[in-house]
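Visitor: This is the content of upload.txt (compact mmCIF, C-alpha atoms and all ligand atoms):
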```txt
# COMPACT_ATOMS: atom_id res chain seq x y z
CA VAL S 20 0.00 0.00 0.00
CA GLU S 21 1.29 3.45 -0.87
CA THR S 22 1.37 5.80 2.11
CA ILE S 23 0.66 9.53 1.89
CA SER S 24 4.40 10.15 2.32
CA ASP S 25 5.17 7.90 -0.67
CA THR S 26 2.49 9.59 -2.75
CA LEU S 27 3.78 13.05 -1.87
CA ILE S 28 7.47 12.41 -2.52
CA HIS S 29 6.69 10.59 -5.75
CA ALA S 30 4.53 13.50 -6.95
CA LEU S 31 7.25 16.03 -6.09
CA GLN S 32 9.95 14.03 -7.84
CA SER S 33 8.04 13.07 -10.93
CA ARG S 34 6.62 16.50 -11.80
CA TYR S 35 8.68 18.61 -14.18
CA ALA S 36 8.19 21.64 -16.37
CA THR S 37 6.63 19.82 -19.31
CA LYS S 38 7.60 21.13 -22.74
CA ARG S 39 5.75 18.68 -24.97
CA PHE S 40 2.20 17.62 -24.20
CA ASP S 41 0.14 14.84 -25.77
CA PRO S 42 -2.36 16.89 -27.81
CA SER S 43 -4.91 14.03 -27.84
CA PHE S 44 -5.24 14.02 -24.03
CA SER S 45 -8.10 15.82 -22.28
CA ILE S 46 -8.23 16.55 -18.56
CA SER S 47 -11.40 14.99 -17.06
CA GLN S 48 -14.14 17.26 -15.72
CA GLU S 49 -13.54 15.83 -12.26
CA ASN S 50 -9.83 16.66 -12.32
CA LEU S 51 -10.47 20.07 -13.84
CA HIS S 52 -12.78 20.81 -10.94
CA LEU S 53 -10.09 19.74 -8.43
CA LEU S 54 -7.50 21.91 -10.17
CA LYS S 55 -9.86 24.89 -10.01
CA GLU S 56 -10.47 24.20 -6.31
CA SER S 57 -6.72 24.18 -5.66
CA ILE S 58 -6.59 27.74 -7.02
CA ARG S 59 -9.83 28.92 -5.45
CA LEU S 60 -8.88 27.63 -1.99
CA ALA S 61 -5.32 29.01 -2.06
CA PRO S 62 -4.38 31.50 0.67
CA SER S 63 -3.86 35.20 -0.12
CA ALA S 64 -2.97 38.26 1.96
CA PHE S 65 -6.01 39.23 4.06
CA GLY S 66 -7.89 36.62 2.01
CA LEU S 67 -8.54 39.24 -0.66
CA GLN S 68 -8.20 36.87 -3.65
CA LEU S 69 -7.18 39.62 -6.05
CA TRP S 70 -6.98 37.27 -9.02
CA LYS S 71 -8.89 36.11 -12.04
CA VAL S 72 -7.96 32.98 -13.94
CA PHE S 73 -8.93 32.57 -17.58
CA LEU S 74 -8.98 29.14 -19.24
CA ILE S 75 -7.72 29.85 -22.72
CA ARG S 76 -9.53 27.49 -25.07
CA THR S 77 -9.96 29.46 -28.29
CA PRO S 78 -7.48 27.95 -30.79
CA GLU S 79 -6.78 31.36 -32.32
CA PHE S 80 -5.78 32.75 -28.90
CA ARG S 81 -3.60 29.68 -28.24
CA LYS S 82 -1.88 30.25 -31.57
CA LYS S 83 -1.27 33.92 -30.90
CA MET S 84 0.08 33.12 -27.42
CA THR S 85 2.54 30.66 -28.96
CA GLU S 86 3.79 33.42 -31.24
CA ALA S 87 4.07 35.80 -28.27
CA ALA S 88 6.18 33.20 -26.42
CA HIS S 89 9.07 32.29 -28.75
CA ASN S 90 6.95 29.46 -30.21
CA GLN S 91 6.84 27.40 -27.00
CA PRO S 92 4.78 24.33 -28.00
CA GLN S 93 2.94 24.02 -24.66
CA PHE S 94 0.36 26.64 -25.61
CA MET S 95 -1.02 24.59 -28.51
CA GLU S 96 -0.52 21.07 -27.17
CA ALA S 97 -1.72 21.30 -23.55
CA SER S 98 -5.24 20.17 -22.66
CA GLU S 99 -5.91 23.29 -20.60
CA LEU S 100 -4.14 26.61 -20.43
CA PHE S 101 -4.63 28.62 -17.25
CA LEU S 102 -3.85 32.32 -17.47
CA PHE S 103 -3.52 33.95 -14.04
CA CYS S 104 -4.41 37.64 -14.12
CA ARG S 105 -4.61 40.42 -11.59
CA PRO S 106 -6.80 43.50 -11.50
CA GLU S 107 -5.20 46.60 -13.05
CA LYS S 108 -5.41 48.27 -9.64
CA ILE S 109 -6.95 47.69 -6.23
CA THR S 110 -10.16 49.68 -6.16
CA GLU S 111 -12.55 50.44 -3.31
CA ASP S 112 -15.09 48.31 -5.25
CA LEU S 113 -12.83 45.27 -4.94
CA ILE S 114 -12.54 45.81 -1.19
CA ASP S 115 -16.34 46.16 -0.98
CA GLN S 116 -16.82 42.98 -2.96
CA PHE S 117 -14.63 41.13 -0.44
CA VAL S 118 -16.30 42.60 2.64
CA THR S 119 -19.73 41.76 1.17
CA SER S 120 -18.58 38.20 0.70
CA VAL S 121 -17.33 37.98 4.32
CA SER S 122 -20.68 39.37 5.46
CA LYS S 123 -22.70 36.80 3.49
CA ILE S 124 -20.59 33.73 4.13
CA ARG S 125 -20.01 34.38 7.83
CA ASN S 126 -23.48 35.76 8.39
CA GLN S 127 -22.21 39.05 9.80
CA PRO S 128 -24.22 42.20 9.11
CA LYS S 129 -22.19 44.71 7.06
CA SER S 130 -22.69 47.29 9.81
CA THR S 131 -20.46 45.16 12.08
CA LEU S 132 -17.72 45.13 9.44
CA VAL S 133 -17.22 48.88 9.03
CA ALA S 134 -14.04 49.05 11.13
CA TYR S 135 -12.71 45.91 9.44
CA ARG S 136 -13.33 47.43 6.02
CA GLN S 137 -11.56 50.63 7.08
CA MET S 138 -8.61 48.64 8.36
CA LEU S 139 -8.30 46.75 5.06
CA SER S 140 -8.58 49.93 3.03
CA GLY S 141 -5.95 51.62 5.23
CA LEU S 142 -3.52 48.71 4.96
CA ILE S 143 -3.88 48.66 1.18
CA HIS S 144 -3.39 52.41 0.91
CA ASN S 145 -0.17 51.96 2.86
CA ILE S 146 1.22 49.95 -0.03
CA GLU S 147 2.72 52.38 -2.57
CA SER S 148 0.56 52.36 -5.69
CA SER S 149 3.63 51.42 -7.75
CA GLU S 150 4.06 48.35 -5.50
CA GLN S 151 0.46 47.18 -5.54
CA GLY S 152 0.88 45.23 -8.78
CA THR S 153 3.84 43.29 -7.37
CA TRP S 154 1.91 42.68 -4.14
CA MET S 155 -1.03 41.16 -6.04
CA GLU S 156 1.35 39.10 -8.17
CA LYS S 157 2.96 37.55 -5.08
CA GLN S 158 -0.43 36.18 -4.08
CA ILE S 159 -0.94 34.76 -7.56
CA TYR S 160 2.31 32.79 -7.38
CA ILE S 161 1.01 31.09 -4.23
CA ALA S 162 -2.09 29.98 -6.15
CA LEU S 163 0.16 28.83 -9.00
CA GLY S 164 2.19 26.74 -6.51
CA SER S 165 -0.99 25.18 -5.18
CA LEU S 166 -2.11 24.35 -8.74
CA LEU S 167 1.26 22.76 -9.59
CA GLN S 168 1.26 20.67 -6.44
CA SER S 169 -2.30 19.46 -7.00
CA ALA S 170 -1.55 18.61 -10.63
CA ALA S 171 1.41 16.49 -9.54
CA LEU S 172 -0.73 14.62 -7.00
CA LEU S 173 -3.37 14.00 -9.69
CA GLN S 174 -0.61 12.64 -11.96
CA LEU S 175 -1.15 15.41 -14.45
CA ASP S 176 1.71 17.26 -16.13
CA ALA S 177 2.14 21.00 -16.09
CA CYS S 178 4.39 23.85 -17.10
CA PRO S 179 4.36 27.26 -15.44
CA ILE S 180 5.06 29.85 -18.15
CA GLU S 181 6.20 33.40 -17.55
CA GLY S 182 8.14 33.74 -20.76
CA PHE S 183 5.66 35.50 -23.02
CA ASN S 184 5.08 39.04 -24.20
CA HIS S 185 2.54 40.16 -21.63
CA ASN S 186 1.54 43.36 -23.40
CA ALA S 187 0.88 41.54 -26.66
CA VAL S 188 -1.13 38.79 -24.96
CA ASP S 189 -3.15 41.23 -22.85
CA SER S 190 -3.96 43.24 -25.90
CA PHE S 191 -5.32 40.46 -28.16
CA LEU S 192 -7.25 38.90 -25.24
CA GLY S 193 -8.84 42.28 -24.53
CA LEU S 194 -7.67 42.21 -20.89
CA PRO S 195 -7.20 45.98 -20.45
CA GLU S 196 -10.88 46.50 -21.36
CA LYS S 197 -11.81 43.97 -18.68
CA GLY S 198 -9.53 45.68 -16.13
CA TYR S 199 -6.96 42.87 -15.88
CA ARG S 200 -3.30 42.18 -16.59
CA SER S 201 -1.78 38.77 -17.24
CA VAL S 202 0.77 37.55 -14.68
CA VAL S 203 1.70 33.94 -15.39
CA ALA S 204 0.33 31.03 -17.42
CA CYS S 205 0.19 27.32 -16.65
CA ALA S 206 -0.16 24.68 -19.34
CA MET S 207 -1.69 21.41 -18.12
CA GLY S 208 -2.24 17.95 -19.55
CA LYS S 209 -0.26 14.75 -20.12
CA ARG S 210 3.39 14.61 -21.16
CA SER S 211 4.14 13.44 -24.68
CA PRO S 212 6.44 10.39 -24.97
CA GLU S 213 8.56 12.67 -27.18
CA ASP S 214 9.38 15.09 -24.35
CA ALA S 215 13.09 14.63 -23.66
CA TYR S 216 12.85 16.79 -20.53
CA ALA S 217 10.79 14.08 -18.81
CA SER S 218 13.87 11.92 -18.26
CA ALA S 219 16.34 14.72 -17.38
CA ALA S 220 17.65 14.49 -13.82
CA LYS S 221 16.36 17.17 -11.46
CA VAL S 222 18.88 19.88 -10.67
CA ARG S 223 18.37 20.89 -7.04
CA TYR S 224 20.70 22.09 -4.29
CA SER S 225 21.13 19.75 -1.33
CA GLU S 226 19.26 20.09 1.94
CA GLU S 227 22.49 21.42 3.56
CA VAL S 228 22.77 24.21 1.00
CA VAL S 229 19.12 25.21 1.01
CA PHE S 230 18.50 25.18 4.77
CA GLY S 231 20.19 26.83 7.70
CA ILE S 232 19.45 27.00 11.39
CA LEU S 233 19.60 30.26 13.31
C1 LIG S 301 7.36 31.43 -12.42
C2 LIG S 301 7.90 30.43 -13.38
C3 LIG S 301 7.99 30.74 -14.73
C4 LIG S 301 8.44 29.79 -15.67
N1 LIG S 301 8.42 30.09 -17.01
C5 LIG S 301 8.73 29.11 -17.90
C6 LIG S 301 8.60 29.34 -19.29
O1 LIG S 301 8.24 30.42 -19.75
N2 LIG S 301 8.89 28.32 -20.14
C7 LIG S 301 9.31 27.10 -19.68
O2 LIG S 301 9.53 26.20 -20.50
N3 LIG S 301 9.46 26.86 -18.36
C8 LIG S 301 9.18 27.84 -17.47
N4 LIG S 301 9.30 27.58 -16.12
C9 LIG S 301 9.77 26.25 -15.66
C10 LIG S 301 11.15 26.29 -14.99
O3 LIG S 301 12.14 26.48 -15.98
C11 LIG S 301 11.34 24.96 -14.24
O4 LIG S 301 10.36 24.86 -13.24
C12 LIG S 301 12.74 24.85 -13.60
O5 LIG S 301 13.72 24.80 -14.60
C13 LIG S 301 12.87 23.65 -12.68
O6 LIG S 301 12.65 22.46 -13.39
P1 LIG S 301 11.45 21.45 -13.06
O7 LIG S 301 10.21 22.28 -12.83
O8 LIG S 301 11.32 20.62 -14.32
O9 LIG S 301 11.81 20.66 -11.87
C14 LIG S 301 8.87 28.52 -15.20
C15 LIG S 301 8.82 28.24 -13.83
C16 LIG S 301 8.32 29.14 -12.93
C17 LIG S 301 8.21 28.78 -11.48
```
Would you kindly transcribe this structure into structure tokens?

Guide:
Amino acid sequence: VETISDTLIHALQSRYATKRFDPSFSISQENLHLLKESIRLAPSAFGLQLWKVFLIRTPEFRKKMTEAAHNQPQFMEASELFLFCRPEKITEDLIDQFVTSVSKIRNQPKSTLVAYRQMLSGLIHNIESSEQGTWMEKQIYIALGSLLQSAALLQLDACPIEGFNHNAVDSFLGLPEKGYRSVVACAMGKRSPEDAYASAAKVRYSEEVVFGIL
């Protein structure tokens, strides 16, 4: 019987940044739901969830993304393509949306959340506006990590992809009009037997190098 420890270490060791996907493979609805849950349930600062994830399925968009990414084949061949985006800026409306959601889900009248809302708004205003984008992006990378980990446990293959022309992609997807900016993509599916990277040894520093005790 495989223990949870075995399952975990095997998942961590066997995942790799997949370059070539099997284009005939489709992620099941059940697994797609679990992958979405791993993003949706990810932690974020104050729980604000300042993200929006688009599943890019239109072949024309996939093709244009390939061109905007030095022809990386993952965009066309992967079963699903997640595009993590962040709002252009943190607006009072976004804070309201969150406080309304706290009020509904925790059954707390909005009148009892006034001070809480003010605190959130104050903390966010304390972040320089030029830093707010980076701050939102940090949260998105946590959700990306959660997605990658879940994919590995579900024995799916994935590739996080930052190497694309963000301005070009945002523009043909119409993201500025929707108030979003792309941050990072993640291609997901099954590795192709032709992917040479699958058998390359992992390059990682040793435990002694990575960790210290203070
Ligand atoms: C934020 C981020 C962006 C990445 N962007 C790309 C990319 O654009 N193209 C690519 O092929 N791999 C990309 N990678 C994959 C890394 O190159 C890969 O994770 C790293 O070399 C370690 O190898 P492994 O994931 O196979 O263990 C990215 C990884 C991360 C975490």

Visitor: So for ligand LIG 301 (chain S), what box centre and size do we get, axis-aligned, 5 Å extra on each of the six sides, every listed atom, Å to one decimal, as lines of an AutoDock Vina configuration file?

Guide:
```
center_x = 10.5
center_y = 26.0
center_z = -16.0
size_x = 16.4
size_y = 20.8
size_z = 19.0
```

Visitor: Which residues are near S:Ser47? Cut-off 12 Å, all atoms listed in the file, ignore same chain within fewer than 2 positions. Put them as a short mmCIF file (atom, residue, chain, number, x, y, z; two decimals) with C-alpha atoms, keeping the file's coordinate frame.

Guide:
```
data_model
loop_
_atom_site.label_atom_id
_atom_site.label_comp_id
_atom_site.auth_asym_id
_atom_site.auth_seq_id
_atom_site.Cartn_x
_atom_site.Cartn_y
_atom_site.Cartn_z
CA PHE S 44 -5.24 14.02 -24.03
CA SER S 45 -8.10 15.82 -22.28
CA GLU S 49 -13.54 15.83 -12.26
CA ASN S 50 -9.83 16.66 -12.32
CA LEU S 51 -10.47 20.07 -13.84
CA HIS S 52 -12.78 20.81 -10.94
CA LEU S 53 -10.09 19.74 -8.43
CA LEU S 54 -7.50 21.91 -10.17
CA SER S 98 -5.24 20.17 -22.66
CA GLU S 99 -5.91 23.29 -20.60
CA LEU S 173 -3.37 14.00 -9.69
CA LEU S 175 -1.15 15.41 -14.45
CA MET S 207 -1.69 21.41 -18.12
CA GLY S 208 -2.24 17.95 -19.55
CA LYS S 209 -0.26 14.75 -20.12
#
```

Visitor: How many Å lie between atom CA of S:Thr119 and atom CA of S:Val203, rounded to one decimal?

Guide: 28.2 Å

Visitor: Under the rule that all atoms listed in the file are counted, which of S:Val222, S:Ile180, S:Ala187, S:Val118 is the nearest residue to ligand LIG 301 (chain S)?

Guide: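 Nearest to ligand LIG 301 (chain S): S:Ile180.
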
Visitor: Which is closer to ligand LIG 301 (chain S) than all the others in S:Ala162, S:Leu192, S:Ile75, S:Leu69, using all atoms listed in the file?

Guide: S:Ala162
